[in-house]
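Some notes on the structure that comes next.
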Amino acid sequence: MNSSPSLPSAPRGASAWVKPLLFVLVAAIGLYYVKWSPYYLKSFVAADKHSIGGSILANAPTAPWSAALEYAGVYFLAIWKAAVLGVLLGSLVQVLVPRDWLLRVFGQAGLGSTLRGGLFALPGMMCSCCAAPVVAGMRRQQVSVGAALAFWIANPVLNPATLVFMGFVLGWDFAALRLVAGLLLVVGVSLIAQRVAQADALPQATVDAVAAAGDLPSEDDRPFLLRWGAKLWQLFWSTMPIYIVVVLALGAARVWLFPQVDASMGNSLGSIVALAVVGTLFVIPTAAEIPIVQSMLSLGMGVGPAVALLMTLPSISLPSLLMLRQSFTPRVLMTVTLLTMVIGAASGLAAVALL
């Protein structure tokens, strides 16, 4: 039973709302430019042509170094704006949003906080790597493991635009299966990982006391721009270099990771599990799983392996896991990785029975 005293919230003047409102404004303008407006226009293309472009995995060079450079070039050209926005928001959430506000909404280790983390992710519509810097910023403010993971995974998995594209391109039955399995992935995996991390979490009484008392005074009395610059620099160097290196490595590895697809690749359990593993580790831009799966289905891939990829490719990736190596314990990241593979494989088996 929690015996921590219920402390009154610290009074705030009107000026205390200026910084959080600035954060919301930056987020809204950035997301409109990077996500909302382009996706709105792309939805009409998906409805009209039943396609949103070619597969990013198509026509890969056979030489690993050439494959690495070619894939990295295409990939970063597709995501660089969202990556910049992710680092920007991940640093600003640490200096513009009061910590006690974050703890009130996302600080408790439970279902409510996890659901709120997933809901707040829906407007973001980022891939797992672009959402990772925001998650890192949230964790540095002591947001709970469950809420941070739900925010991270829901960004790509429950992306409303992707679900719409999927319905028009692959069929609404695929979109419905993705939504149901995605909810299980976001909520179930986040809650299980929260239990795994419980021993390493702040005591709940401490979280409640900080949230009730109001934002604690910062020991850093430097001007705002200097504090933000320090957070931005720290976040950039803890996430971006390893991100670039691992994308290059995976670009080279795609020569071996994705086998030649033909009608012989049916719905065997081995194929489903193998592609669930590969999809969990590989990295793609937002919604790129749709043309990948559309292309592979047209070449004869079974629906089971295709749905395993449809679930796992966007969910997490090796680069995003490494970008968050300082935000979660190795046990938590391993738990998320294994459960994502399991749900991906289970979704593929469900697709064989239902689709």
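Ordering of the structure tokens sets the chain letters (A, B, ...), residue numbers begin anew at 1 in every chain, and ligands are numbered from 1 in the order given.
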
Neighbour list for stretch 301-307 of chain A as a compact mmCIF listing (two decimals) with all heavy atoms, in the first residue's frame, cut-off 7 Å, only C-alpha atoms, skip fewer than 2 positions in-chain:
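Writing done, so here's part-v4.txt:
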```txt
# COMPACT_ATOMS: atom_id res chain seq x y z
N VAL A 261 12.32 -14.64 -53.36
CA VAL A 261 10.93 -15.01 -53.14
C VAL A 261 10.36 -15.63 -54.40
O VAL A 261 10.50 -15.07 -55.50
CB VAL A 261 10.10 -13.78 -52.73
CG1 VAL A 261 8.62 -14.16 -52.58
CG2 VAL A 261 10.63 -13.19 -51.44
N ASP A 262 9.72 -16.79 -54.25
CA ASP A 262 8.97 -17.39 -55.35
C ASP A 262 7.85 -18.23 -54.75
O ASP A 262 7.65 -18.25 -53.53
CB ASP A 262 9.87 -18.23 -56.26
CG ASP A 262 10.65 -19.28 -55.50
OD1 ASP A 262 10.10 -19.85 -54.53
OD2 ASP A 262 11.81 -19.55 -55.85
N ALA A 263 7.12 -18.92 -55.61
CA ALA A 263 5.95 -19.67 -55.16
C ALA A 263 6.32 -20.80 -54.20
O ALA A 263 5.45 -21.32 -53.50
CB ALA A 263 5.20 -20.22 -56.36
N MET A 265 8.00 -20.54 -51.57
CA MET A 265 7.97 -20.05 -50.19
C MET A 265 6.51 -19.96 -49.75
O MET A 265 5.84 -18.96 -49.95
CB MET A 265 8.64 -18.69 -50.06
CG MET A 265 8.67 -18.16 -48.63
SD MET A 265 9.59 -16.61 -48.47
CE MET A 265 11.27 -17.21 -48.57
N GLY A 266 6.02 -21.02 -49.18
CA GLY A 266 4.62 -21.08 -48.79
C GLY A 266 4.39 -20.57 -47.38
O GLY A 266 4.97 -19.56 -46.97
N ASN A 267 3.59 -21.30 -46.64
CA ASN A 267 3.22 -20.87 -45.29
C ASN A 267 3.82 -21.77 -44.22
O ASN A 267 3.20 -22.01 -43.17
CB ASN A 267 1.69 -20.85 -45.16
CG ASN A 267 1.06 -19.74 -45.96
OD1 ASN A 267 1.50 -18.59 -45.90
ND2 ASN A 267 0.04 -20.07 -46.74
N SER A 271 9.40 -20.66 -42.39
CA SER A 271 9.44 -19.38 -43.11
C SER A 271 8.84 -18.26 -42.28
O SER A 271 9.36 -17.14 -42.26
CB SER A 271 8.68 -19.51 -44.43
OG SER A 271 9.30 -20.44 -45.28
N ILE A 272 7.74 -18.55 -41.59
CA ILE A 272 7.07 -17.53 -40.78
C ILE A 272 7.99 -17.07 -39.66
O ILE A 272 8.16 -15.86 -39.43
CB ILE A 272 5.74 -18.08 -40.23
CG1 ILE A 272 4.74 -18.28 -41.37
CG2 ILE A 272 5.17 -17.13 -39.17
CD1 ILE A 272 3.47 -18.99 -40.94
N LEU A 275 11.15 -15.06 -41.00
CA LEU A 275 10.88 -13.69 -41.40
C LEU A 275 10.40 -12.83 -40.24
O LEU A 275 10.60 -11.61 -40.26
CB LEU A 275 9.86 -13.68 -42.54
CG LEU A 275 10.44 -14.18 -43.87
CD1 LEU A 275 9.41 -14.13 -44.98
CD2 LEU A 275 11.67 -13.37 -44.28
N VAL A 293 5.66 -5.99 -48.71
CA VAL A 293 4.77 -7.15 -48.65
C VAL A 293 3.97 -7.28 -49.94
O VAL A 293 3.77 -8.39 -50.45
CB VAL A 293 3.84 -7.02 -47.43
CG1 VAL A 293 2.72 -8.05 -47.49
CG2 VAL A 293 4.65 -7.21 -46.14
N MET A 296 6.27 -8.91 -52.44
CA MET A 296 6.56 -10.32 -52.14
C MET A 296 5.34 -11.21 -52.37
O MET A 296 5.47 -12.34 -52.83
CB MET A 296 7.08 -10.44 -50.71
CG MET A 296 8.46 -9.85 -50.51
SD MET A 296 9.11 -10.11 -48.85
CE MET A 296 10.82 -9.57 -49.07
N LEU A 297 4.15 -10.71 -52.06
CA LEU A 297 2.94 -11.49 -52.33
C LEU A 297 2.77 -11.70 -53.84
O LEU A 297 2.36 -12.78 -54.29
CB LEU A 297 1.71 -10.77 -51.76
CG LEU A 297 1.52 -10.83 -50.24
CD1 LEU A 297 0.38 -9.93 -49.82
CD2 LEU A 297 1.26 -12.27 -49.78
N LEU A 299 5.05 -12.07 -55.93
CA LEU A 299 6.06 -13.04 -56.39
C LEU A 299 5.77 -14.45 -55.88
O LEU A 299 6.53 -15.37 -56.18
CB LEU A 299 7.45 -12.59 -55.92
CG LEU A 299 7.99 -11.31 -56.56
CD1 LEU A 299 9.28 -10.88 -55.89
CD2 LEU A 299 8.19 -11.50 -58.07
N LEU A 309 6.14 -10.36 -41.64
CA LEU A 309 6.90 -9.16 -42.00
C LEU A 309 6.09 -7.90 -41.78
O LEU A 309 6.62 -6.87 -41.32
CB LEU A 309 7.35 -9.24 -43.46
CG LEU A 309 8.57 -10.07 -43.80
CD1 LEU A 309 8.81 -10.06 -45.30
CD2 LEU A 309 9.81 -9.57 -43.06
N LEU A 310 4.82 -7.95 -42.12
CA LEU A 310 3.95 -6.78 -41.99
C LEU A 310 3.87 -6.31 -40.55
O LEU A 310 3.75 -5.11 -40.28
CB LEU A 310 2.55 -7.11 -42.51
CG LEU A 310 1.62 -5.96 -42.86
CD1 LEU A 310 2.16 -5.17 -44.05
CD2 LEU A 310 0.22 -6.49 -43.16
N MET A 311 3.96 -7.23 -39.61
CA MET A 311 3.90 -6.88 -38.19
C MET A 311 5.27 -6.46 -37.64
O MET A 311 5.36 -5.51 -36.85
CB MET A 311 3.38 -8.06 -37.37
CG MET A 311 1.89 -8.25 -37.44
SD MET A 311 0.95 -6.77 -36.95
CE MET A 311 1.65 -6.44 -35.34
N SER A 347 1.05 -13.79 -35.52
CA SER A 347 0.21 -13.07 -36.50
C SER A 347 0.26 -13.76 -37.85
O SER A 347 -0.76 -13.86 -38.56
CB SER A 347 0.67 -11.62 -36.63
OG SER A 347 0.58 -10.94 -35.40
N GLY A 348 1.46 -14.25 -38.24
CA GLY A 348 1.56 -14.97 -39.50
C GLY A 348 0.74 -16.25 -39.49
O GLY A 348 0.05 -16.57 -40.47
N LEU A 349 0.77 -16.98 -38.38
CA LEU A 349 -0.03 -18.20 -38.26
C LEU A 349 -1.53 -17.87 -38.28
O LEU A 349 -2.33 -18.59 -38.89
CB LEU A 349 0.34 -18.95 -36.98
CG LEU A 349 1.76 -19.53 -36.94
CD1 LEU A 349 2.06 -20.10 -35.56
CD2 LEU A 349 1.92 -20.62 -38.01
N ALA A 351 -2.85 -15.36 -39.79
CA ALA A 351 -3.18 -14.97 -41.18
C ALA A 351 -3.45 -16.19 -42.04
O ALA A 351 -4.34 -16.19 -42.91
CB ALA A 351 -2.06 -14.14 -41.76
N VAL A 352 -2.67 -17.25 -41.83
CA VAL A 352 -2.88 -18.47 -42.61
C VAL A 352 -4.28 -19.02 -42.36
O VAL A 352 -4.95 -19.51 -43.28
CB VAL A 352 -1.82 -19.52 -42.23
CG1 VAL A 352 -2.11 -20.86 -42.92
CG2 VAL A 352 -0.43 -19.03 -42.62
```

Residues within 7 Å of stretch 178-186 of chain A, only C-alpha atoms, excluding chain neighbours under 6 positions, as a PyMOL selection string: chain A and resi 150+153-154+157-158+311+340+343+347

Surrounding residues of A:Gly118 excluding itself and chain neighbours under 2 positions, 10 Å, only C-alpha atoms, as a count of residues only: 22

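Counting only C-alpha atoms, A:Ser238 has the following residues at most 12 Å away, ignoring those fewer than 2 positions along the same chain: A:Val87, A:Gly90, A:Ser91, A:Ala132, A:Pro133, A:Ala136, A:Gly137, A:Lys231, A:Leu232, A:Trp233, A:Gln234, A:Leu235, A:Phe236, A:Met240, A:Pro241, A:Ile242, A:Tyr243, A:Ile244, A:Ser320, A:Leu322, A:Met323, A:Leu324, A:Arg325, A:Gln326, A:Ser327.
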
Shell around stretch 40-53 of chain A at 6 Å using only C-alpha atoms, local window under 5 positions removed, as a ChimeraX atom specification: /A:165,168-169

Save the residues we just selected, C-alpha atoms, as an mmCIF file, in the first residue's frame?
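And here is the file that came out, result-v5.cif:
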```cif
data_model
loop_
_atom_site.group_PDB
_atom_site.id
_atom_site.type_symbol
_atom_site.label_atom_id
_atom_site.label_comp_id
_atom_site.auth_asym_id
_atom_site.auth_seq_id
_atom_site.Cartn_x
_atom_site.Cartn_y
_atom_site.Cartn_z
ATOM 1 C CA PHE A 165 -2.628 2.884 -46.790
ATOM 2 C CA PHE A 168 -6.336 0.507 -49.796
ATOM 3 C CA VAL A 169 -3.240 -1.380 -50.995
#
```

Point-to-point distance from atom CA of A:Ala83 to atom CA of A:Leu338, Å rounded to tenths: 25.6 Å
